[in-house]
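File shown: run-v3.txt. Contents: compact mmCIF, C-alpha atoms and all ligand atoms.
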# COMPACT_ATOMS: atom_id res chain seq x y z
CA MET A 1 -7.21 -20.91 10.61
CA SER A 2 -4.51 -23.02 12.24
CA ASN A 3 -5.18 -25.70 9.62
CA ALA A 4 -4.59 -23.30 6.75
CA PRO A 5 -1.61 -24.34 4.65
CA ILE A 6 1.63 -22.39 4.91
CA LEU A 7 2.23 -20.36 1.76
CA LEU A 8 5.77 -20.95 0.50
CA THR A 9 5.29 -18.55 -2.38
CA PRO A 10 6.51 -15.06 -3.30
CA GLY A 11 3.27 -13.46 -2.09
CA PRO A 12 0.60 -13.38 -1.01
CA LEU A 13 2.30 -15.17 1.85
CA THR A 14 1.57 -16.43 5.31
CA THR A 15 0.70 -13.61 7.69
CA SER A 16 0.39 -13.59 11.48
CA ALA A 17 -2.92 -13.76 13.33
CA ARG A 18 -2.22 -10.26 14.68
CA THR A 19 -1.89 -8.89 11.16
CA ARG A 20 -5.10 -10.54 10.03
CA GLN A 21 -6.92 -9.35 13.14
CA ALA A 22 -5.93 -5.76 12.39
CA MET A 23 -8.31 -5.96 9.42
CA LEU A 24 -11.34 -6.48 11.64
CA VAL A 25 -11.85 -2.73 12.04
CA ASP A 26 -13.50 -0.47 9.47
CA TRP A 27 -11.88 2.92 8.89
CA GLY A 28 -13.25 6.10 7.35
CA SER A 29 -10.99 7.15 4.50
CA TRP A 30 -11.21 10.84 5.51
CA ASP A 31 -10.88 10.15 9.22
CA ARG A 32 -7.97 11.68 11.14
CA ASP A 33 -7.12 8.35 12.77
CA PHE A 34 -6.82 6.64 9.40
CA ASN A 35 -4.75 9.49 7.99
CA GLN A 36 -2.39 9.10 10.92
CA LEU A 37 -2.17 5.40 10.20
CA THR A 38 -1.15 6.11 6.60
CA ALA A 39 1.40 8.72 7.68
CA SER A 40 2.87 6.34 10.23
CA VAL A 41 3.16 3.55 7.65
CA CYS A 42 4.97 5.86 5.20
CA GLU A 43 7.29 7.12 7.90
CA GLN A 44 8.18 3.58 8.98
CA LEU A 45 8.73 2.47 5.39
CA LEU A 46 11.11 5.36 4.76
CA ALA A 47 12.99 4.52 7.96
CA ILE A 48 13.72 0.99 6.69
CA LEU A 49 15.97 2.40 3.97
CA ASP A 50 16.98 5.61 5.77
CA GLY A 51 15.33 7.59 3.02
CA ALA A 52 13.42 10.34 4.87
CA ALA A 53 15.88 13.09 3.91
CA SER A 54 16.05 12.23 0.21
CA HIS A 55 12.84 10.47 -0.79
CA HIS A 56 9.08 10.64 -0.41
CA CYS A 57 7.11 7.45 0.15
CA VAL A 58 4.11 7.45 -2.18
CA PRO A 59 1.65 4.62 -1.52
CA LEU A 60 -0.60 3.42 -4.31
CA GLN A 61 -3.65 1.17 -4.39
CA GLY A 62 -3.21 -2.13 -6.25
CA SER A 63 -0.70 -4.93 -6.66
CA GLY A 64 3.03 -4.42 -7.11
CA THR A 65 2.84 -4.02 -10.88
CA PHE A 66 0.53 -1.01 -10.48
CA ALA A 67 3.23 0.75 -8.48
CA VAL A 68 5.99 -0.19 -10.96
CA GLU A 69 3.91 1.10 -13.84
CA ALA A 70 3.08 4.29 -11.92
CA ALA A 71 6.76 4.90 -11.13
CA ILE A 72 7.84 4.54 -14.75
CA GLY A 73 4.88 6.54 -16.05
CA THR A 74 5.41 9.36 -13.55
CA LEU A 75 9.19 9.64 -13.40
CA VAL A 76 10.29 8.89 -16.94
CA PRO A 77 9.47 11.93 -19.09
CA ARG A 78 7.67 11.21 -22.35
CA ASP A 79 10.88 11.91 -24.26
CA GLY A 80 13.00 9.83 -21.86
CA LYS A 81 14.57 6.47 -22.65
CA VAL A 82 14.82 3.50 -20.31
CA LEU A 83 17.52 0.85 -20.40
CA VAL A 84 15.82 -2.26 -19.01
CA LEU A 85 18.07 -4.93 -17.47
CA ILE A 86 16.50 -8.35 -17.79
CA ASN A 87 17.19 -11.80 -16.41
CA GLY A 88 13.72 -13.12 -15.85
CA ALA A 89 9.99 -12.57 -16.15
CA TYR A 90 9.76 -9.44 -14.00
CA GLY A 91 12.47 -7.75 -16.05
CA GLN A 92 10.48 -8.66 -19.16
CA ARG A 93 7.49 -7.03 -17.51
CA LEU A 94 9.43 -3.78 -17.03
CA ALA A 95 10.09 -3.70 -20.77
CA LYS A 96 6.43 -4.41 -21.48
CA ILE A 97 5.38 -1.54 -19.23
CA CYS A 98 7.67 0.84 -21.16
CA LYS A 99 6.21 -0.44 -24.41
CA VAL A 100 2.60 -0.06 -23.31
CA LEU A 101 3.26 3.42 -21.91
CA GLY A 102 4.99 4.48 -25.11
CA ARG A 103 8.30 5.25 -23.42
CA GLN A 104 11.38 4.64 -25.54
CA TYR A 105 13.43 1.76 -24.18
CA SER A 106 16.17 -0.69 -24.95
CA THR A 107 16.79 -4.01 -23.25
CA PHE A 108 19.82 -5.93 -22.11
CA GLU A 109 19.14 -9.54 -21.34
CA THR A 110 21.32 -12.12 -19.63
CA ALA A 111 20.48 -15.77 -18.99
CA GLU A 112 18.19 -16.47 -16.05
CA ASP A 113 21.12 -17.73 -13.99
CA GLN A 114 23.38 -14.77 -14.86
CA PRO A 115 23.23 -11.55 -12.83
CA THR A 116 23.58 -8.30 -14.75
CA THR A 117 26.98 -6.82 -13.91
CA ALA A 118 28.13 -3.25 -13.30
CA GLU A 119 30.54 -3.70 -16.23
CA ASP A 120 27.62 -4.53 -18.53
CA VAL A 121 25.81 -1.38 -17.45
CA ASP A 122 28.94 0.74 -17.81
CA ARG A 123 29.44 -0.47 -21.39
CA LEU A 124 25.77 -0.05 -22.32
CA LEU A 125 25.54 3.48 -20.96
CA ALA A 126 28.77 4.49 -22.69
CA ALA A 127 27.36 3.17 -25.97
CA ASP A 128 23.99 4.95 -25.76
CA PRO A 129 23.98 8.49 -24.36
CA SER A 130 20.24 8.88 -25.12
CA VAL A 131 19.36 6.65 -22.14
CA THR A 132 17.92 8.71 -19.26
CA HIS A 133 16.87 5.94 -16.87
CA VAL A 134 17.95 2.40 -16.05
CA ALA A 135 15.40 -0.08 -14.67
CA LEU A 136 16.60 -3.03 -12.62
CA ILE A 137 15.00 -5.91 -10.73
CA HIS A 138 16.83 -6.34 -7.42
CA CYS A 139 15.79 -9.92 -6.66
CA GLU A 140 14.36 -11.46 -9.85
CA THR A 141 11.61 -13.53 -8.26
CA SER A 142 11.10 -15.73 -11.29
CA THR A 143 14.27 -17.59 -10.25
CA GLY A 144 15.39 -15.99 -6.97
CA ILE A 145 18.57 -14.50 -8.46
CA LEU A 146 20.09 -11.44 -6.79
CA ASN A 147 21.41 -8.67 -9.03
CA PRO A 148 24.34 -6.60 -7.68
CA LEU A 149 22.42 -3.42 -6.91
CA PRO A 150 25.11 -1.36 -5.08
CA GLU A 151 27.69 -1.74 -7.86
CA ILE A 152 25.17 -1.11 -10.66
CA ALA A 153 23.79 1.97 -8.85
CA GLN A 154 27.25 3.54 -8.60
CA VAL A 155 27.93 3.05 -12.31
CA ILE A 156 24.59 4.63 -13.20
CA LYS A 157 25.36 7.61 -10.98
CA ARG A 158 28.78 8.01 -12.56
CA HIS A 159 27.10 8.24 -15.97
CA GLY A 160 24.64 10.85 -14.63
CA LYS A 161 21.64 8.59 -15.28
CA ARG A 162 18.70 7.72 -13.04
CA LEU A 163 17.92 4.35 -11.52
CA ILE A 164 14.50 2.78 -11.01
CA ILE A 165 14.63 -0.33 -8.82
CA ASP A 166 11.93 -2.97 -8.60
CA ALA A 167 12.69 -4.25 -5.09
CA MET A 168 9.32 -5.93 -4.75
CA SER A 169 10.56 -9.19 -3.32
CA SER A 170 13.62 -7.88 -1.47
CA PHE A 171 12.60 -4.67 0.30
CA GLY A 172 12.51 -5.13 4.06
CA ALA A 173 14.65 -8.26 4.01
CA LEU A 174 17.77 -7.32 2.06
CA PRO A 175 19.64 -4.18 3.10
CA ILE A 176 19.21 -1.11 0.87
CA ASP A 177 20.42 2.22 2.25
CA ALA A 178 19.18 5.30 0.41
CA ARG A 179 22.13 7.31 1.78
CA GLN A 180 24.56 4.99 0.03
CA ILE A 181 22.70 3.70 -3.01
CA PRO A 182 21.66 6.48 -5.39
CA PHE A 183 18.24 5.83 -6.92
CA GLU A 184 15.39 7.88 -8.30
CA ALA A 185 12.71 5.35 -7.42
CA LEU A 186 12.45 2.10 -5.52
CA ILE A 187 9.26 0.11 -5.63
CA ALA A 188 7.87 -2.52 -3.28
CA ALA A 189 4.53 -3.68 -1.89
CA SER A 190 2.63 -4.53 1.27
CA GLY A 191 2.36 -8.28 0.85
CA LYS A 192 5.99 -9.35 0.51
CA CYS A 193 8.86 -9.28 3.01
CA LEU A 194 7.02 -6.92 5.35
CA GLU A 195 4.46 -9.71 5.80
CA GLY A 196 1.42 -7.52 5.31
CA VAL A 197 -1.47 -8.51 3.07
CA PRO A 198 -1.47 -7.68 -0.64
CA GLY A 199 -3.32 -4.63 -1.95
CA MET A 200 -0.98 -1.66 -1.98
CA GLY A 201 2.36 -0.83 -3.50
CA PHE A 202 4.61 2.04 -2.57
CA VAL A 203 7.26 4.01 -4.39
CA PHE A 204 10.17 5.75 -2.73
CA ALA A 205 10.62 8.64 -5.11
CA GLU A 206 13.51 11.04 -4.95
CA LYS A 207 12.09 14.38 -3.78
CA THR A 208 13.41 16.66 -6.51
CA ALA A 209 12.60 14.14 -9.27
CA LEU A 210 9.02 13.77 -8.01
CA ALA A 211 8.60 17.55 -7.82
CA ALA A 212 9.79 17.82 -11.43
CA ALA A 213 7.50 15.04 -12.66
CA GLU A 214 4.30 17.05 -12.96
CA GLY A 215 2.52 16.28 -16.21
CA ASN A 216 4.65 13.26 -17.15
CA ALA A 217 2.03 10.65 -16.30
CA HIS A 218 -0.12 9.20 -19.03
CA SER A 219 -2.78 8.27 -16.49
CA LEU A 220 -4.87 9.99 -13.83
CA ALA A 221 -5.02 7.16 -11.31
CA MET A 222 -1.36 6.18 -11.70
CA ASP A 223 0.09 9.67 -11.34
CA LEU A 224 2.42 9.55 -8.35
CA HIS A 225 3.13 13.26 -8.51
CA ASP A 226 -0.56 13.99 -8.07
CA GLN A 227 -0.98 11.23 -5.49
CA HIS A 228 1.83 12.70 -3.42
CA GLN A 229 0.69 16.33 -3.77
CA TYR A 230 -2.82 15.46 -2.65
CA MET A 231 -1.62 13.38 0.28
CA ALA A 232 0.87 16.04 1.38
CA LYS A 233 -1.89 18.66 1.30
CA THR A 234 -4.76 16.71 2.88
CA GLY A 235 -3.23 13.70 4.62
CA GLN A 236 -5.70 11.61 2.62
CA TRP A 237 -5.42 9.23 -0.28
CA ARG A 238 -6.62 10.71 -3.58
CA PHE A 239 -9.05 7.92 -4.30
CA THR A 240 -10.61 5.23 -2.05
CA PRO A 241 -7.74 3.78 0.01
CA PRO A 242 -7.30 0.07 0.76
CA THR A 243 -8.08 0.81 4.41
CA HIS A 244 -7.81 -2.74 5.74
CA VAL A 245 -4.57 -3.33 3.88
CA VAL A 246 -3.05 -0.19 5.38
CA ALA A 247 -4.17 -1.23 8.87
CA ALA A 248 -2.70 -4.71 8.36
CA LEU A 249 0.58 -3.24 7.12
CA HIS A 250 0.76 -0.95 10.13
CA GLU A 251 0.37 -3.95 12.42
CA ALA A 252 2.85 -6.00 10.36
CA LEU A 253 5.40 -3.19 10.65
CA GLN A 254 4.99 -3.19 14.41
CA GLN A 255 5.87 -6.90 14.43
CA TYR A 256 8.74 -6.25 12.03
CA ASN A 257 10.21 -3.79 14.53
CA GLU A 258 9.55 -6.12 17.47
CA GLU A 259 11.39 -8.90 15.63
CA GLY A 260 14.44 -6.64 15.29
CA GLY A 261 13.81 -4.89 11.97
CA LEU A 262 15.69 -5.67 8.79
CA PRO A 263 18.68 -7.55 10.27
CA ALA A 264 16.37 -9.96 12.09
CA ARG A 265 14.05 -10.43 9.13
CA HIS A 266 17.03 -11.02 6.86
CA GLN A 267 18.49 -13.55 9.30
CA ARG A 268 15.24 -15.51 9.60
CA TYR A 269 14.82 -15.69 5.83
CA ALA A 270 18.48 -16.65 5.40
CA ASN A 271 18.00 -19.48 7.93
CA ASN A 272 14.83 -20.54 6.11
CA CYS A 273 16.68 -20.60 2.82
CA LYS A 274 19.59 -22.60 4.22
CA THR A 275 17.29 -25.12 5.89
CA LEU A 276 15.44 -25.51 2.60
CA LEU A 277 18.56 -25.85 0.43
CA ASP A 278 20.26 -28.31 2.81
CA GLY A 279 17.09 -30.38 3.27
CA MET A 280 16.26 -30.57 -0.42
CA ALA A 281 19.88 -31.45 -1.30
CA LYS A 282 19.66 -34.35 1.17
CA ILE A 283 16.67 -35.77 -0.67
CA GLY A 284 18.35 -35.27 -4.04
CA LEU A 285 16.63 -32.12 -5.30
CA ARG A 286 19.02 -29.66 -6.94
CA SER A 287 18.58 -25.90 -6.86
CA PHE A 288 18.75 -24.04 -10.18
CA LEU A 289 21.07 -21.24 -8.99
CA PRO A 290 24.52 -21.43 -7.39
CA THR A 291 24.37 -20.22 -3.77
CA GLU A 292 26.50 -17.09 -4.41
CA ILE A 293 23.73 -15.50 -6.48
CA GLN A 294 20.78 -17.03 -4.63
CA ALA A 295 18.73 -14.44 -2.67
CA PRO A 296 17.14 -15.81 0.53
CA ILE A 297 13.68 -15.06 -0.85
CA ILE A 298 12.61 -17.86 -3.16
CA VAL A 299 14.44 -20.93 -4.47
CA THR A 300 13.99 -22.60 -7.85
CA PHE A 301 14.50 -26.38 -7.87
CA HIS A 302 14.94 -28.66 -10.83
CA ALA A 303 11.94 -30.95 -11.05
CA PRO A 304 12.60 -34.69 -10.87
CA THR A 305 12.93 -36.16 -14.35
CA ASP A 306 11.02 -39.37 -13.56
CA ALA A 307 7.90 -39.56 -15.75
CA ARG A 308 5.77 -40.20 -12.66
CA TYR A 309 6.47 -36.62 -11.54
CA GLN A 310 3.73 -34.18 -12.58
CA PHE A 311 3.77 -30.74 -10.94
CA LYS A 312 -0.01 -30.60 -10.45
CA ASP A 313 -0.16 -33.93 -8.64
CA PHE A 314 2.94 -33.07 -6.61
CA TYR A 315 1.46 -29.67 -5.71
CA GLU A 316 -1.87 -31.13 -4.54
CA ARG A 317 -0.19 -33.80 -2.44
CA VAL A 318 2.16 -31.30 -0.77
CA LYS A 319 -0.80 -28.98 -0.18
CA ALA A 320 -2.66 -31.82 1.57
CA LYS A 321 0.32 -31.99 3.94
CA GLY A 322 0.03 -28.28 4.73
CA PHE A 323 2.28 -26.41 2.30
CA ILE A 324 1.56 -24.40 -0.82
CA LEU A 325 4.42 -24.46 -3.33
CA TYR A 326 4.80 -22.44 -6.53
CA PRO A 327 5.24 -23.51 -10.14
CA GLY A 328 8.48 -22.79 -11.97
CA LYS A 329 8.66 -19.86 -14.36
CA LEU A 330 11.45 -20.99 -16.66
CA THR A 331 10.80 -21.85 -20.27
CA GLN A 332 13.81 -24.10 -20.90
CA VAL A 333 13.88 -26.35 -17.83
CA GLU A 334 11.16 -27.98 -15.73
CA THR A 335 11.33 -26.48 -12.24
CA PHE A 336 9.26 -25.61 -9.20
CA ARG A 337 9.78 -22.88 -6.63
CA VAL A 338 9.66 -22.69 -2.85
CA GLY A 339 9.46 -19.33 -1.04
CA CYS A 340 11.45 -18.59 2.12
CA ILE A 341 9.43 -15.52 3.14
CA GLY A 342 6.36 -14.95 5.29
CA VAL A 343 5.52 -15.96 8.84
CA VAL A 344 7.51 -19.18 8.87
CA GLY A 345 10.76 -20.26 10.50
CA ALA A 346 13.36 -22.98 10.08
CA ALA A 347 11.14 -25.64 11.73
CA GLY A 348 8.40 -24.87 9.21
CA MET A 349 10.85 -25.09 6.32
CA GLN A 350 12.13 -28.45 7.57
CA ALA A 351 8.54 -29.69 7.83
CA ALA A 352 7.99 -28.59 4.22
CA VAL A 353 11.10 -30.52 3.11
CA ASP A 354 9.83 -33.59 4.97
CA ALA A 355 6.44 -33.24 3.27
CA VAL A 356 8.11 -33.00 -0.16
CA ALA A 357 10.17 -36.13 0.57
CA GLU A 358 7.12 -38.08 1.68
CA VAL A 359 5.12 -37.01 -1.36
CA LEU A 360 7.86 -37.99 -3.80
CA ARG A 361 8.05 -41.40 -2.09
CA GLU A 362 4.26 -41.76 -2.37
CA MET A 363 4.46 -40.84 -6.07
CA GLU A 364 7.24 -43.42 -6.49
CA VAL A 365 9.42 -40.82 -8.13
CA LEU A 366 12.72 -42.60 -8.27
CA ASP A 367 15.33 -40.03 -9.20
CA ILE A 368 15.64 -38.48 -5.77
C1 LIG B 1 10.25 -8.65 -8.76
C2 LIG B 1 8.76 -8.44 -8.81
N1 LIG B 1 8.27 -7.39 -9.48
C3 LIG B 1 6.98 -7.14 -9.53
C4 LIG B 1 6.06 -7.96 -8.90
C5 LIG B 1 4.63 -7.53 -8.92
O1 LIG B 1 3.72 -8.44 -9.21
P1 LIG B 1 2.18 -8.27 -8.79
O2 LIG B 1 1.64 -7.14 -9.57
O3 LIG B 1 1.63 -9.57 -9.17
O4 LIG B 1 2.14 -7.99 -7.31
C6 LIG B 1 6.50 -9.10 -8.22
C7 LIG B 1 5.57 -10.05 -7.58
O5 LIG B 1 5.91 -11.09 -7.09
C8 LIG B 1 7.89 -9.33 -8.17
O6 LIG B 1 8.38 -10.39 -7.52
Any chance you could put this one into structure tokens?
Amino acid sequence: MSNAPILLTPGPLTTSARTRQAMLVDWGSWDRDFNQLTASVCEQLLAILDGAASHHCVPLQGSGTFAVEAAIGTLVPRDGKVLVLINGAYGQRLAKICKVLGRQYSTFETAEDQPTTAEDVDRLLAADPSVTHVALIHCETSTGILNPLPEIAQVIKRHGKRLIIDAMSSFGALPIDARQIPFEALIAASGKCLEGVPGMGFVFAEKTALAAAEGNAHSLAMDLHDQHQYMAKTGQWRFTPPTHVVAALHEALQQYNEEGGLPARHQRYANNCKTLLDGMAKIGLRSFLPTEIQAPIIVTFHAPTDARYQFKDFYERVKAKGFILYPGKLTQVETFRVGCIGVVGAAGMQAAVDAVAEVLREMEVLDI
């Protein structure tokens, strides 16, 4: 395993040997020990955002999108209307979810290098009183841009509307305090900044909103109200749980706490991001976003313009040197992305920069 490449991607990402080893045990889904494991995971997740008094943590089988879809389907009533704030592919996905679920929605889109502002949201809510919910991506992973969550959340509260936050790629690394940031739902997943393996999402749902959400869901399996009721009553998951994923997340959370919790995780990722940005700048690769709006999660770089640069070739050569990069997700400009998250530190990021430099020299790409 030590020869496995380091994943510099937004997830799945590099996990520790301890986390992987935690999956070597089989658990009975009805067993008391496994139920305790689930309860402990939920309790620890709630503690990260100080949400135990106000929110329930509802875990759900599947990738992150399953949990986002379940949150919208469960919490937005069928006659509700969602204002979707978009500055990238995951914001677009929120709108698509509303469309597929048949929830009324409107969109507000800014350029991929422009955060949505609280003033935008204020104006939009004043102009359309029929909006019941606002959906926001915290860190838009398609570029790495950070949207100003605290300011936007306060405006939404002032208008008496409800906020649904997709914090998939930021939860656990960027501070979010449920006692200070009003939200109805916040969604994240096991295989991102908590450094677990992929396979389950979780939704922090405001207690009174979840209690009132009975019958909203369009789907049996994606009904978070039902999922929560069943779990609260029995301690068990409603349907077959991702047992190994839960065990891995439990172990990953233990390491998260040993590392020093959110401040330490944030600091390591911030160091990773700085090492990456400084190193790439030295070899002539420019980042797409200005640093003020760059989250320390994933960085988008402009691709070299030399015709000898082809992403696929570049990717394979960097992989052979031990690092997995990620393609760009922008339609207008040719880019590639490098993640700062997972079990990797500044030395690893510097080694990745060195590998990129060597590869571009091998490819005789001249504009760096
Ligand atoms: C902001 C954001 N939302 C949602 C998702 C969920 O995607 P998936 O269903 O592929 O886990 C991701 C995954 O990277 C993400 O970054």
- Message: Which residues are close to region 19-26 of chain A, i.e. within 10 Å by all atoms listed in the file, leaving aside same-chain residues fewer than 4 positions away? Reply as a count of residues only.
- Response: 18
Name the residues, by chain letter and number, that sit within 6 Å of ligand LIG 1 (chain B) using only C-alpha atoms and all ligand atoms, and give them as number ranges by chain. A: 10, 63-65, 90, 137, 140-141, 166, 168-169
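Counting all atoms listed in the file and comparing A:Thr9, A:Thr275, A:Gln154, A:Gln180, the residue that lies closest to Val353 (chain A) is A:Thr275.
Relative to CA of Arg265 (chain A), CA of Ile164 (chain A) is found at 24.1 Å.
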Every residue with an atom at most 9 Å from (8.5, 9.7, -1.6) (file coordinates; all atoms listed in the file) is what I'm after, so could you write them as a ChimeraX atom specification? /A:42,46,51-52,54-59,185,202-207,210,228
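In this comparison, which uses only C-alpha atoms, the residue of A:Gly172, A:Ala346, A:Thr132, A:Arg317 approaching Gly260 (chain A) most closely is A:Gly172.
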Long-range neighbours of Ala118 (chain A) as a count of residues only, 9 Å cut-off, all atoms listed in the file, 3 positions minimum in chain
12
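Compared by their closest atoms to Arg162 (chain A), and using only C-alpha atoms, the residues A:Leu13, A:Ala232, A:Ala347, A:Val84 rank with A:Val84 nearest.
Here CA of His138 (chain A) is placed at a distance of 20.8 Å from CA of Phe336 (chain A).
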